[in-house]
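To be precise, the following lines are final-v1.cif, and they hold mmCIF, C-alpha atoms.
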```cif
data_coords
loop_
_atom_site.label_atom_id
_atom_site.label_comp_id
_atom_site.auth_asym_id
_atom_site.auth_seq_id
_atom_site.Cartn_x
_atom_site.Cartn_y
_atom_site.Cartn_z
CA MET A 388 137.93 -24.40 131.67
CA LEU A 389 141.64 -25.15 131.83
CA LYS A 390 143.38 -28.47 132.45
CA LEU A 391 147.15 -28.81 132.70
CA HIS A 392 148.81 -32.18 132.17
CA TYR A 393 152.35 -32.69 133.47
CA PHE A 394 154.49 -34.85 135.72
CA ASP A 395 154.25 -34.50 139.47
CA LEU A 396 157.22 -32.12 139.75
CA TYR A 397 158.22 -28.52 138.89
CA GLY A 398 160.10 -29.15 135.63
CA ARG A 399 158.53 -27.62 132.55
CA GLY A 400 155.03 -27.51 134.00
CA GLU A 401 155.66 -25.23 136.95
CA PRO A 402 156.09 -22.01 134.91
CA ILE A 403 152.57 -22.57 133.57
CA ARG A 404 151.16 -23.34 137.02
CA MET A 405 152.88 -20.25 138.43
CA LEU A 406 151.65 -17.99 135.63
CA LEU A 407 148.04 -19.18 135.94
CA ASN A 408 148.20 -18.75 139.69
CA TYR A 409 149.66 -15.25 139.34
CA ALA A 410 146.95 -14.31 136.84
CA LYS A 411 144.35 -15.73 139.26
CA VAL A 412 143.06 -18.20 136.70
CA ASP A 413 141.58 -21.48 137.93
CA PHE A 414 142.80 -24.69 136.36
CA GLU A 415 142.82 -28.43 136.97
CA ASP A 416 146.38 -29.44 137.84
CA CYS A 417 146.73 -33.03 136.54
CA ARG A 418 149.98 -34.52 137.82
CA TYR A 419 151.34 -37.84 136.57
CA LYS A 420 153.94 -40.26 137.90
CA PHE A 421 156.75 -41.31 135.52
CA GLU A 422 155.40 -44.88 135.48
CA GLU A 423 152.13 -43.64 133.96
CA TRP A 424 153.87 -41.96 131.02
CA PRO A 425 154.43 -44.88 128.57
CA LYS A 426 150.72 -45.76 128.63
CA LEU A 427 149.68 -42.10 128.41
CA LYS A 428 152.06 -41.52 125.51
CA ALA A 429 150.81 -44.61 123.65
CA GLU A 430 147.18 -43.44 124.00
CA GLY A 431 148.20 -40.70 121.57
CA GLY A 432 146.20 -37.89 123.09
CA PHE A 433 149.08 -35.39 123.15
CA GLU A 434 149.96 -33.76 119.86
CA PHE A 435 153.76 -33.84 120.24
CA ALA A 436 153.72 -36.95 122.45
CA GLN A 437 155.12 -34.72 125.19
CA MET A 438 154.02 -32.81 128.26
CA PRO A 439 153.22 -30.17 129.48
CA VAL A 440 149.93 -29.91 127.64
CA LEU A 441 147.27 -27.33 128.44
CA GLU A 442 143.70 -28.11 127.45
CA VAL A 443 141.33 -25.18 127.08
CA LYS A 444 137.64 -26.02 126.90
CA THR A 445 135.27 -23.34 125.62
CA GLY A 446 131.70 -24.57 125.32
CA GLU A 447 131.88 -27.82 123.35
CA THR A 448 135.35 -27.22 121.86
CA THR A 449 138.56 -28.30 123.50
CA LYS A 450 141.83 -26.88 122.16
CA GLN A 451 145.16 -28.40 123.05
CA TYR A 452 148.26 -26.28 123.68
CA CYS A 453 151.72 -27.84 123.74
CA GLN A 454 155.33 -26.66 124.11
CA THR A 455 156.17 -24.84 127.34
CA LEU A 456 157.24 -21.49 125.87
CA SER A 457 154.37 -21.42 123.39
CA ILE A 458 151.92 -22.02 126.22
CA LEU A 459 153.55 -19.23 128.27
CA ARG A 460 153.32 -16.84 125.29
CA TYR A 461 149.69 -17.79 124.64
CA LEU A 462 148.71 -17.25 128.28
CA GLY A 463 150.95 -14.18 128.50
CA ARG A 464 149.08 -12.55 125.61
CA LYS A 465 145.74 -13.55 127.07
CA TYR A 466 146.42 -12.31 130.61
CA SER A 467 148.46 -9.16 129.85
CA LEU A 468 151.80 -10.64 130.86
CA TYR A 469 153.44 -10.10 127.46
CA PRO A 470 154.26 -6.63 126.07
CA ALA A 471 152.99 -5.22 122.78
CA ASP A 472 155.93 -2.92 122.00
CA ILE A 473 158.30 -4.81 119.70
CA GLU A 474 161.51 -3.84 121.49
CA ASP A 475 160.02 -4.82 124.86
CA ALA A 476 158.75 -8.05 123.33
CA TRP A 477 162.29 -8.81 122.13
CA THR A 478 163.54 -8.29 125.69
CA VAL A 479 160.92 -10.73 127.02
CA ASP A 480 161.47 -13.25 124.21
CA SER A 481 165.25 -13.26 124.53
CA THR A 482 164.96 -13.58 128.31
CA LEU A 483 162.62 -16.59 127.95
CA ASP A 484 165.01 -18.18 125.43
CA ALA A 485 168.11 -17.51 127.55
CA ILE A 486 166.54 -19.00 130.69
CA ILE A 487 165.31 -22.07 128.80
CA ASP A 488 168.87 -22.56 127.48
CA ILE A 489 170.17 -22.78 131.06
CA ILE A 490 167.26 -25.02 132.17
CA ASN A 491 167.88 -27.29 129.16
CA GLY A 492 171.56 -27.41 130.10
CA LEU A 493 170.67 -28.46 133.65
CA ALA A 494 168.25 -31.09 132.34
CA LYS A 495 170.93 -32.56 130.04
CA ILE A 496 173.28 -32.86 133.01
CA HIS A 497 170.57 -34.45 135.16
CA TRP A 498 169.77 -37.13 132.58
CA GLU A 499 173.41 -37.94 131.67
CA ALA A 500 174.20 -41.40 133.00
CA ASP A 501 177.96 -41.35 132.40
CA GLU A 502 179.62 -39.77 135.47
CA GLU A 503 182.61 -38.42 133.52
CA ARG A 504 180.47 -36.71 130.90
CA LYS A 505 178.14 -35.44 133.62
CA LYS A 506 180.99 -33.76 135.48
CA LYS A 507 182.36 -32.28 132.25
CA MET A 508 178.96 -30.88 131.21
CA ALA A 509 178.37 -29.42 134.66
CA GLY A 510 181.80 -27.80 134.61
CA GLU A 511 181.11 -26.25 131.21
CA LEU A 512 177.74 -24.86 132.27
CA ILE A 513 178.74 -23.56 135.70
CA GLY A 514 182.03 -22.22 134.35
CA GLY A 515 180.78 -20.93 131.00
CA ALA A 516 177.21 -20.28 129.94
CA TYR A 517 175.81 -19.73 133.46
CA PRO A 518 178.05 -16.83 134.57
CA VAL A 519 177.54 -15.11 131.20
CA PHE A 520 173.78 -15.56 131.63
CA LEU A 521 173.82 -14.07 135.14
CA LYS A 522 175.89 -11.09 134.02
CA ALA A 523 173.48 -10.39 131.16
CA MET A 524 170.38 -10.73 133.35
CA ALA A 525 171.87 -8.50 136.06
CA ALA A 526 172.60 -5.85 133.42
CA ARG A 527 169.03 -6.03 132.12
CA LEU A 528 167.68 -5.68 135.64
CA ASP A 529 170.02 -2.74 136.33
CA ALA A 530 168.60 -1.03 133.24
CA SER A 531 165.03 -1.69 134.44
CA ASN A 532 165.87 -0.52 137.98
CA ALA A 533 167.25 2.72 136.52
CA ARG A 534 163.83 3.26 134.91
CA GLY A 535 162.12 2.62 138.27
CA GLY A 536 161.19 -1.00 137.61
CA ARG A 537 161.66 -3.97 139.96
CA PHE A 538 161.35 -6.61 137.22
CA ILE A 539 162.93 -7.52 133.87
CA LEU A 540 161.15 -4.89 131.82
CA ASP A 541 159.57 -2.47 134.27
CA ASP A 542 157.61 -2.50 137.48
CA LYS A 543 155.18 -5.18 136.29
CA VAL A 544 155.78 -8.93 136.33
CA ASN A 545 155.64 -10.48 132.86
CA ALA A 546 155.95 -14.04 131.49
CA ALA A 547 159.77 -13.82 131.50
CA ASP A 548 159.76 -12.91 135.20
CA ILE A 549 157.56 -15.96 135.87
CA LEU A 550 160.03 -18.25 134.08
CA PHE A 551 162.96 -16.59 135.87
CA ALA A 552 161.12 -17.06 139.19
CA CYS A 553 160.86 -20.76 138.41
CA PHE A 554 164.58 -20.89 137.71
CA ILE A 555 165.37 -19.08 140.95
CA PHE A 556 162.96 -20.86 143.28
CA ASN A 557 163.07 -24.34 141.70
CA TYR A 558 166.80 -24.67 141.03
CA ILE A 559 168.58 -22.19 143.30
CA TYR A 560 166.51 -21.63 146.45
CA ASN A 561 165.03 -25.11 146.75
CA ASP A 562 165.52 -26.93 150.05
CA LEU A 563 164.71 -30.22 148.33
CA ASN A 564 167.65 -29.79 145.93
CA PRO A 565 170.68 -28.67 147.95
CA ASP A 566 173.18 -29.84 145.28
CA SER A 567 171.62 -27.61 142.66
CA GLY A 568 171.57 -24.69 145.08
CA ALA A 569 175.19 -25.28 146.04
CA ALA A 570 176.25 -25.17 142.40
CA LEU A 571 174.14 -22.20 141.31
CA LYS A 572 173.71 -19.97 144.38
CA PRO A 573 177.22 -18.50 144.86
CA ALA A 574 177.42 -16.90 141.43
CA PHE A 575 173.77 -15.77 141.64
CA GLU A 576 174.28 -14.07 145.01
CA GLY A 577 177.37 -12.35 143.70
CA TYR A 578 174.97 -9.82 142.17
CA GLU A 579 173.09 -7.51 144.58
CA THR A 580 170.71 -6.80 141.70
CA LEU A 581 169.76 -10.46 141.37
CA LYS A 582 169.33 -10.89 145.13
CA LYS A 583 167.04 -7.84 145.24
CA TYR A 584 165.14 -9.18 142.22
CA SER A 585 164.53 -12.53 143.89
CA GLU A 586 163.20 -10.71 146.96
CA SER A 587 160.84 -8.65 144.79
CA LEU A 588 159.64 -11.84 143.12
CA ARG A 589 159.16 -13.58 146.44
CA ALA A 590 157.05 -10.67 147.67
CA GLU A 591 155.04 -10.57 144.45
CA LEU A 592 154.37 -14.33 144.29
CA GLY A 593 153.42 -14.34 147.94
CA ALA A 594 151.74 -17.39 149.38
CA TYR A 595 152.10 -19.46 146.19
CA LEU A 596 155.74 -20.34 146.86
CA GLU A 597 154.74 -21.74 150.26
CA SER A 598 151.46 -23.39 149.34
CA ARG A 599 152.44 -25.11 146.06
CA PRO A 600 153.24 -28.84 146.05
CA LYS A 601 157.04 -29.10 146.45
CA SER A 602 159.53 -31.06 144.40
CA GLY A 603 163.29 -31.26 143.99
CA ARG A 604 163.27 -30.08 140.38
CA MET B 91 171.79 -2.33 106.60
CA TYR B 92 171.38 -5.36 108.84
CA LYS B 93 174.50 -7.36 109.76
CA ILE B 94 174.36 -11.03 110.76
CA TYR B 95 177.22 -12.28 112.94
CA TYR B 96 177.41 -16.07 112.83
CA LEU B 97 179.61 -19.08 112.21
CA ASP B 98 179.97 -20.70 108.81
CA PHE B 99 176.66 -22.59 108.96
CA PHE B 100 173.10 -22.02 107.82
CA GLY B 101 172.06 -23.02 111.32
CA ARG B 102 170.20 -20.52 113.42
CA SER B 103 170.72 -17.61 111.07
CA GLU B 104 169.22 -18.91 107.83
CA CYS B 105 165.60 -18.08 108.73
CA MET B 106 166.61 -14.41 109.12
CA ARG B 107 168.29 -14.35 105.70
CA LEU B 108 165.13 -15.69 104.12
CA LEU B 109 163.12 -12.97 105.85
CA PHE B 110 165.55 -10.23 104.76
CA ASP B 111 165.50 -11.51 101.17
CA HIS B 112 161.71 -11.74 101.11
CA PHE B 113 161.27 -8.15 102.28
CA SER B 114 164.19 -6.90 100.13
CA LEU B 115 166.11 -5.77 103.18
CA PRO B 116 169.82 -5.49 102.45
CA TYR B 117 172.13 -7.32 104.84
CA THR B 118 175.73 -8.47 105.16
CA ASP B 119 177.08 -11.66 106.70
CA VAL B 120 179.96 -11.37 109.13
CA VAL B 121 181.15 -14.98 109.07
CA LEU B 122 183.13 -15.83 112.19
CA THR B 123 185.78 -18.46 112.73
CA GLN B 124 186.09 -19.92 116.23
CA PRO B 125 188.98 -17.52 117.08
CA ASP B 126 186.86 -14.59 115.78
CA LEU B 127 184.01 -15.74 118.01
CA GLN B 128 186.25 -15.92 121.07
CA ALA B 129 187.52 -12.41 120.33
CA LEU B 130 183.99 -11.07 119.85
CA LYS B 131 182.92 -12.57 123.19
CA LEU B 132 185.44 -10.27 124.87
CA GLU B 133 184.11 -7.12 123.19
CA GLN B 134 181.67 -5.17 125.34
CA GLY B 135 178.03 -5.12 124.44
CA LYS B 136 178.08 -7.30 121.35
CA LEU B 137 177.39 -10.90 122.43
CA GLU B 138 175.09 -10.46 125.40
CA PHE B 139 174.89 -14.19 126.14
CA GLY B 140 178.26 -15.06 124.61
CA GLN B 141 176.50 -16.68 121.65
CA VAL B 142 175.80 -16.15 117.98
CA PRO B 143 173.85 -15.36 115.91
CA VAL B 144 173.48 -11.73 116.81
CA ILE B 145 172.27 -9.10 114.41
CA GLU B 146 173.24 -5.48 114.26
CA THR B 147 170.26 -3.37 113.23
CA PRO B 148 170.54 -0.34 110.90
CA GLU B 149 170.13 1.76 114.08
CA GLY B 150 173.23 0.15 115.60
CA ALA B 151 171.51 -2.07 118.20
CA PHE B 152 172.80 -5.60 118.83
CA LEU B 153 170.04 -8.20 119.20
CA CYS B 154 170.69 -11.78 120.31
CA GLN B 155 168.76 -15.08 120.56
CA SER B 156 167.87 -16.26 117.06
CA LEU B 157 164.19 -16.95 117.69
CA ALA B 158 163.69 -13.69 119.59
CA ILE B 159 165.31 -11.93 116.62
CA LEU B 160 163.00 -13.76 114.21
CA ARG B 161 159.96 -12.69 116.23
CA TYR B 162 161.23 -9.08 116.39
CA LEU B 163 161.75 -8.95 112.63
CA GLY B 164 158.42 -10.70 112.09
CA ARG B 165 156.61 -8.06 114.11
CA LYS B 166 158.52 -5.22 112.43
CA TYR B 167 157.73 -6.38 108.89
CA GLY B 168 154.21 -7.74 109.38
CA ALA B 169 155.04 -11.44 109.38
CA TYR B 170 153.86 -12.43 112.87
CA PRO B 171 150.09 -12.26 113.23
CA GLU B 172 149.52 -12.05 116.98
CA SER B 173 146.03 -10.55 116.88
CA ASP B 174 144.60 -14.05 116.73
CA ALA B 175 146.02 -15.76 119.82
CA HIS B 176 145.41 -19.25 118.51
CA THR B 177 147.18 -18.61 115.19
CA ALA B 178 150.09 -17.06 117.07
CA TYR B 179 150.19 -20.17 119.27
CA LEU B 180 150.25 -22.48 116.21
CA ILE B 181 153.16 -20.49 114.77
CA ASP B 182 155.00 -20.49 118.13
CA SER B 183 154.57 -24.20 118.77
CA THR B 184 155.64 -25.08 115.23
CA ILE B 185 158.87 -23.17 115.86
CA ASP B 186 159.27 -24.87 119.26
CA GLY B 187 158.71 -28.25 117.60
CA MET B 188 161.57 -27.57 115.20
CA GLU B 189 163.75 -26.62 118.19
CA ASP B 190 162.99 -30.00 119.77
CA TYR B 191 163.93 -31.71 116.50
CA ILE B 192 167.24 -29.84 116.44
CA ASN B 193 167.94 -30.87 120.06
CA HIS B 194 167.20 -34.54 119.31
CA PHE B 195 169.25 -34.40 116.09
CA PHE B 196 172.34 -32.87 117.67
CA LYS B 197 172.16 -35.08 120.75
CA TYR B 198 172.33 -38.07 118.37
CA HIS B 199 174.85 -36.46 116.01
CA MET B 200 177.31 -35.39 118.75
CA THR B 201 177.30 -38.75 120.58
CA PRO B 202 180.33 -40.88 119.67
CA GLN B 203 179.65 -43.88 117.42
CA ASP B 204 180.72 -46.36 120.09
CA HIS B 205 178.55 -44.87 122.85
CA PRO B 206 176.05 -47.46 124.19
CA LEU B 207 173.14 -45.03 123.73
CA LYS B 208 173.93 -44.15 120.10
CA SER B 209 171.20 -46.29 118.53
CA GLU B 210 168.63 -45.32 121.19
CA LEU B 211 169.29 -41.64 120.47
CA ARG B 212 168.89 -42.29 116.75
CA GLU B 213 165.54 -43.95 117.42
CA LYS B 214 164.41 -41.04 119.62
CA TRP B 215 165.37 -38.54 116.90
CA LEU B 216 163.66 -40.43 114.08
CA SER B 217 160.58 -41.11 116.17
CA PHE B 218 160.27 -37.44 117.07
CA SER B 219 160.76 -36.51 113.41
CA ASP B 220 157.78 -38.64 112.49
CA THR B 221 155.69 -36.96 115.21
CA LEU B 222 156.77 -33.48 114.12
CA PHE B 223 156.05 -34.12 110.44
CA SER B 224 152.63 -35.51 111.40
CA VAL B 225 151.86 -32.35 113.37
CA LEU B 226 152.98 -30.15 110.47
CA GLU B 227 150.93 -32.20 108.02
CA LYS B 228 147.82 -31.83 110.18
CA ARG B 229 148.34 -28.08 110.50
CA GLN B 230 148.96 -27.34 106.83
CA PRO B 231 145.91 -27.03 104.56
CA LYS B 232 146.61 -29.01 101.34
CA GLU B 233 146.27 -26.16 98.84
CA ALA B 234 147.68 -23.32 100.93
CA LYS B 235 150.77 -21.35 99.94
CA TYR B 236 151.70 -20.19 103.43
CA PHE B 237 151.77 -22.19 106.64
CA LEU B 238 148.40 -22.67 108.38
CA GLY B 239 146.77 -21.17 105.33
CA CYS B 240 147.69 -17.67 106.51
CA GLU B 241 146.93 -14.92 104.03
CA ASN B 242 150.48 -13.56 104.19
CA ILE B 243 153.90 -15.05 104.83
CA THR B 244 154.79 -15.53 108.48
CA ILE B 245 157.85 -16.35 110.56
CA ALA B 246 156.66 -19.98 110.50
CA ASP B 247 157.29 -20.06 106.74
CA PHE B 248 160.80 -18.60 107.12
CA ALA B 249 161.61 -21.02 109.94
CA LEU B 250 160.15 -24.03 108.10
CA ALA B 251 161.90 -23.20 104.83
CA ALA B 252 165.25 -22.82 106.60
CA PHE B 253 164.65 -26.02 108.59
CA ILE B 254 163.42 -28.26 105.76
CA TYR B 255 166.19 -27.31 103.35
CA MET B 256 168.99 -27.62 105.89
CA MET B 257 167.92 -30.48 108.17
CA VAL B 258 165.75 -32.64 105.89
CA LEU B 259 166.02 -32.09 102.14
CA ASN B 260 169.74 -31.36 102.20
CA GLU B 261 171.98 -34.02 100.67
CA ALA B 262 174.99 -32.49 102.40
CA ASN B 263 173.39 -33.10 105.81
CA PRO B 264 175.22 -36.01 107.52
CA HIS B 265 171.98 -37.88 108.26
CA TYR B 266 170.08 -37.20 105.04
CA GLU B 267 169.79 -40.92 104.24
CA ALA B 268 168.03 -41.57 107.56
CA ILE B 269 165.58 -38.68 107.50
CA LYS B 270 164.57 -38.77 103.82
CA PRO B 271 162.38 -41.90 104.13
CA VAL B 272 160.59 -40.38 107.14
CA TRP B 273 159.90 -37.20 105.16
CA ASP B 274 158.74 -39.17 102.12
CA LYS B 275 155.97 -40.76 104.22
CA HIS B 276 154.40 -37.36 104.90
CA GLU B 277 153.13 -36.54 101.43
CA GLY B 278 150.81 -33.85 102.73
CA LEU B 279 153.83 -31.60 103.26
CA HIS B 280 155.52 -32.06 99.90
CA ARG B 281 153.55 -29.49 97.91
CA TYR B 282 154.02 -26.84 100.61
CA ALA B 283 157.77 -27.58 100.79
CA GLU B 284 158.09 -27.31 97.00
CA GLY B 285 156.33 -23.96 97.18
CA LEU B 286 158.82 -22.80 99.80
CA TYR B 287 161.71 -23.82 97.55
CA GLU B 288 160.29 -21.72 94.73
CA LEU B 289 159.85 -18.75 97.08
CA PHE B 290 163.47 -18.87 98.22
CA LYS B 291 165.06 -20.32 95.08
CA THR B 292 167.53 -17.47 94.60
CA ARG B 293 168.99 -17.93 98.08
CA PHE B 294 168.92 -21.74 98.00
CA GLU B 295 170.68 -21.91 94.64
CA SER B 296 173.38 -19.37 95.47
CA ARG B 297 174.36 -20.30 99.03
CA GLY B 298 176.49 -23.36 98.35
CA LYS B 299 176.43 -26.62 100.29
CA LYS B 300 176.77 -26.97 104.04
CA PRO B 301 175.87 -29.88 106.35
CA PHE B 302 173.47 -27.60 108.33
#
```
Translate this structure into structure tokens?
Amino acid sequence: MLKLHYFDLYGRGEPIRMLLNYAKVDFEDCRYKFEEWPKLKAEGGFEFAQMPVLEVKTGETTKQYCQTLSILRYLGRKYSLYPADIEDAWTVDSTLDAIIDIINGLAKIHWEADEERKKKMAGELIGGAYPVFLKAMAARLDASNARGGRFILDDKVNAADILFACFIFNYIYNDLNPDSGAALKPAFEGYETLKKYSESLRAELGAYLESRPKSGR
Amino acid sequence: MYKIYYLDFFGRSECMRLLFDHFSLPYTDVVLTQPDLQALKLEQGKLEFGQVPVIETPEGAFLCQSLAILRYLGRKYGAYPESDAHTAYLIDSTIDGMEDYINHFFKYHMTPQDHPLKSELREKWLSFSDTLFSVLEKRQPKEAKYFLGCENITIADFALAAFIYMMVLNEANPHYEAIKPVWDKHEGLHRYAEGLYELFKTRFESRGKKPF
């Protein structure tokens, strides 16, 4: 029995929701409003005083899993979405880390109150780390395509593809966040490889992208 | 021979050095200045994400992303037990917890002194430190040599040793005076940390002083 605790938005919880959905694993999707957080945090039930948290109940024992990437790796191992070969695992790990870097960068910009600093940080990301990231990801996908694969590693979706899907469909192709799309889409669509990849992901994720509760980020 | 390309910090490369030393794997450090780094960014195929550290393997491959490298080396040399999913999770989330600490620390450290949020960021960092140390204390059996009481050394030990002796018990760290009292409260970790120092004494006593 699985229970996910997170805010009522995509953020750092959506990759876990998407993975569980893709693996066809049932879970209780507990969504909280920001106003509920101080009380929840003070109750001390979450190990790192953060969310997302995944609770896994087996019989009488409940185990708590924290930290987005650790949860994705745990579930990835459990549901065959994480490779065993060490070179392949490095590809998946470094992809996860690279995507989280960009997502963290976007989060920092979002939470920056000072308009000057905000503009400067956005300029640095969109002009610096983001294009380098896209170039690297496109090259990885080209290499996979050459081996006959539609996704990051091969022709099977793995945990890194799930996180990348969240980046693409939560931050780039998200009607509820046109500013984010406007900033990120042009460079993304500059790569045929990345456009094709997003279409493959859309086909693979199917109804979930339509049926999931929507949010701006 | 492995080659580590990095700036002149312990930073995100130290955990790899500790692993190399532990398994007697020879390596060299290619220490980059900022101009060197800019030049390397322009060379094809070396800095995939424009960042360091990267390592060059004995086979000539360039691997990036420090934690992905640590996991790769851990798997290669038997220091990342993934057969038990829960143990692997505890190792992973410990590493993620240290990443969060580093983010909080640098957010505070890089904010100008006169910024209105400076003291709030300090509070957030110190509060998270207390949480992290509590988690580590709970996870570490009192008498165990390695983290989680694992039979053999794991990447958690390399990461924790690098982290503790660069971010916490490092007098050259700019915020040592603030973090030391928080660490002192968590006595359950002290014996383990002392054991780590003994394990990596040669490296720690020969590497000189750096802020992080």
(Q) Once the PyMOL selection byres ((chain B) within 9 of (chain A)) is applied to the coordinates I shared, what remains selected? I want it as a ChimeraX atom specification. (A) /B:138-140,153-159,161-163,165-166,172,175-176,178-183,185-187,218,221-222,225
Q.
Please expand the PyMOL selection byres ((chain A and resi 599) around 12) into the concrete residues it hits in this file, giving the result as a PyMOL selection string.
A. chain A and resi 395-397+401+404-405+408+416+556-557+592-598+600-602
Q: Any chance you could resolve the PyMOL selection byres ((chain A and resi 414) around 8) against this file and give the residues as a list in words?
A: Met388, Leu389, Lys390, Leu391, Leu407, Val412, Asp413, Glu415 and Asp416 of chain A
Q: For range 259-271 of chain B, work out the shell of residues within 6 Å, counting only C-alpha atoms and skipping chain neighbours fewer than 4 positions away, then give it as a ChimeraX atom specification.
A: /B:254-255,301
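Ranking B:Val142, B:Leu130, B:Ala283, B:Ile94 by their shortest atom-to-atom distance to Glu233 in chain B, with only C-alpha atoms included, puts B:Ala283 first.
Of note, CA of Tyr167 in chain B and CA of Asp119 in chain B are spaced 20.2 Å apart.
Compared by their closest atoms to Phe575 in chain A, and using all atoms listed in the file, the residues A:Asp542, A:Gly400, A:Gly603, A:Ala525 rank with A:Ala525 nearest.
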Can you sort out range 281-294 of chain B so it carries N, CA, C and O atoms, written as a PDB file, in the frame of the given file?
```
ATOM      1  N   ARG B 281     153.937 -30.625  98.764  1.00  0.00           N
ATOM      2  CA  ARG B 281     153.550 -29.490  97.910  1.00  0.00           C
ATOM      3  C   ARG B 281     153.947 -28.165  98.565  1.00  0.00           C
ATOM      4  O   ARG B 281     154.498 -27.274  97.919  1.00  0.00           O
ATOM      5  N   TYR B 282     153.669 -28.054  99.862  1.00  0.00           N
ATOM      6  CA  TYR B 282     154.020 -26.840 100.610  1.00  0.00           C
ATOM      7  C   TYR B 282     155.526 -26.615 100.559  1.00  0.00           C
ATOM      8  O   TYR B 282     155.997 -25.498 100.287  1.00  0.00           O
ATOM      9  N   ALA B 283     156.305 -27.700 100.782  1.00  0.00           N
ATOM     10  CA  ALA B 283     157.770 -27.580 100.790  1.00  0.00           C
ATOM     11  C   ALA B 283     158.283 -27.155  99.409  1.00  0.00           C
ATOM     12  O   ALA B 283     159.202 -26.340  99.305  1.00  0.00           O
ATOM     13  N   GLU B 284     157.689 -27.700  98.361  1.00  0.00           N
ATOM     14  CA  GLU B 284     158.090 -27.310  97.000  1.00  0.00           C
ATOM     15  C   GLU B 284     157.823 -25.835  96.764  1.00  0.00           C
ATOM     16  O   GLU B 284     158.627 -25.124  96.160  1.00  0.00           O
ATOM     17  N   GLY B 285     156.661 -25.378  97.286  1.00  0.00           N
ATOM     18  CA  GLY B 285     156.330 -23.960  97.180  1.00  0.00           C
ATOM     19  C   GLY B 285     157.358 -23.087  97.896  1.00  0.00           C
ATOM     20  O   GLY B 285     157.743 -22.018  97.404  1.00  0.00           O
ATOM     21  N   LEU B 286     157.813 -23.557  99.056  1.00  0.00           N
ATOM     22  CA  LEU B 286     158.820 -22.800  99.800  1.00  0.00           C
ATOM     23  C   LEU B 286     160.120 -22.727  99.001  1.00  0.00           C
ATOM     24  O   LEU B 286     160.784 -21.690  98.974  1.00  0.00           O
ATOM     25  N   TYR B 287     160.477 -23.828  98.347  1.00  0.00           N
ATOM     26  CA  TYR B 287     161.710 -23.820  97.550  1.00  0.00           C
ATOM     27  C   TYR B 287     161.638 -22.770  96.452  1.00  0.00           C
ATOM     28  O   TYR B 287     162.587 -22.016  96.230  1.00  0.00           O
ATOM     29  N   GLU B 288     160.485 -22.712  95.790  1.00  0.00           N
ATOM     30  CA  GLU B 288     160.290 -21.720  94.730  1.00  0.00           C
ATOM     31  C   GLU B 288     160.427 -20.292  95.270  1.00  0.00           C
ATOM     32  O   GLU B 288     161.061 -19.438  94.662  1.00  0.00           O
ATOM     33  N   LEU B 289     159.809 -20.078  96.453  1.00  0.00           N
ATOM     34  CA  LEU B 289     159.850 -18.750  97.080  1.00  0.00           C
ATOM     35  C   LEU B 289     161.272 -18.285  97.354  1.00  0.00           C
ATOM     36  O   LEU B 289     161.598 -17.115  97.207  1.00  0.00           O
ATOM     37  N   PHE B 290     162.134 -19.227  97.782  1.00  0.00           N
ATOM     38  CA  PHE B 290     163.470 -18.870  98.220  1.00  0.00           C
ATOM     39  C   PHE B 290     164.554 -19.410  97.305  1.00  0.00           C
ATOM     40  O   PHE B 290     165.713 -19.569  97.672  1.00  0.00           O
ATOM     41  N   LYS B 291     164.170 -19.685  96.059  1.00  0.00           N
ATOM     42  CA  LYS B 291     165.060 -20.320  95.080  1.00  0.00           C
ATOM     43  C   LYS B 291     166.385 -19.582  94.934  1.00  0.00           C
ATOM     44  O   LYS B 291     167.443 -20.198  94.896  1.00  0.00           O
ATOM     45  N   THR B 292     166.307 -18.249  94.820  1.00  0.00           N
ATOM     46  CA  THR B 292     167.530 -17.470  94.600  1.00  0.00           C
ATOM     47  C   THR B 292     168.549 -17.735  95.698  1.00  0.00           C
ATOM     48  O   THR B 292     169.718 -17.997  95.421  1.00  0.00           O
ATOM     49  N   ARG B 293     168.085 -17.693  96.953  1.00  0.00           N
ATOM     50  CA  ARG B 293     168.990 -17.930  98.080  1.00  0.00           C
ATOM     51  C   ARG B 293     169.486 -19.375  98.065  1.00  0.00           C
ATOM     52  O   ARG B 293     170.684 -19.639  98.161  1.00  0.00           O
ATOM     53  N   PHE B 294     168.552 -20.323  97.918  1.00  0.00           N
ATOM     54  CA  PHE B 294     168.920 -21.740  98.000  1.00  0.00           C
ATOM     55  C   PHE B 294     169.899 -22.130  96.901  1.00  0.00           C
ATOM     56  O   PHE B 294     170.757 -22.986  97.108  1.00  0.00           O
TER      57      PHE B 294
END
```
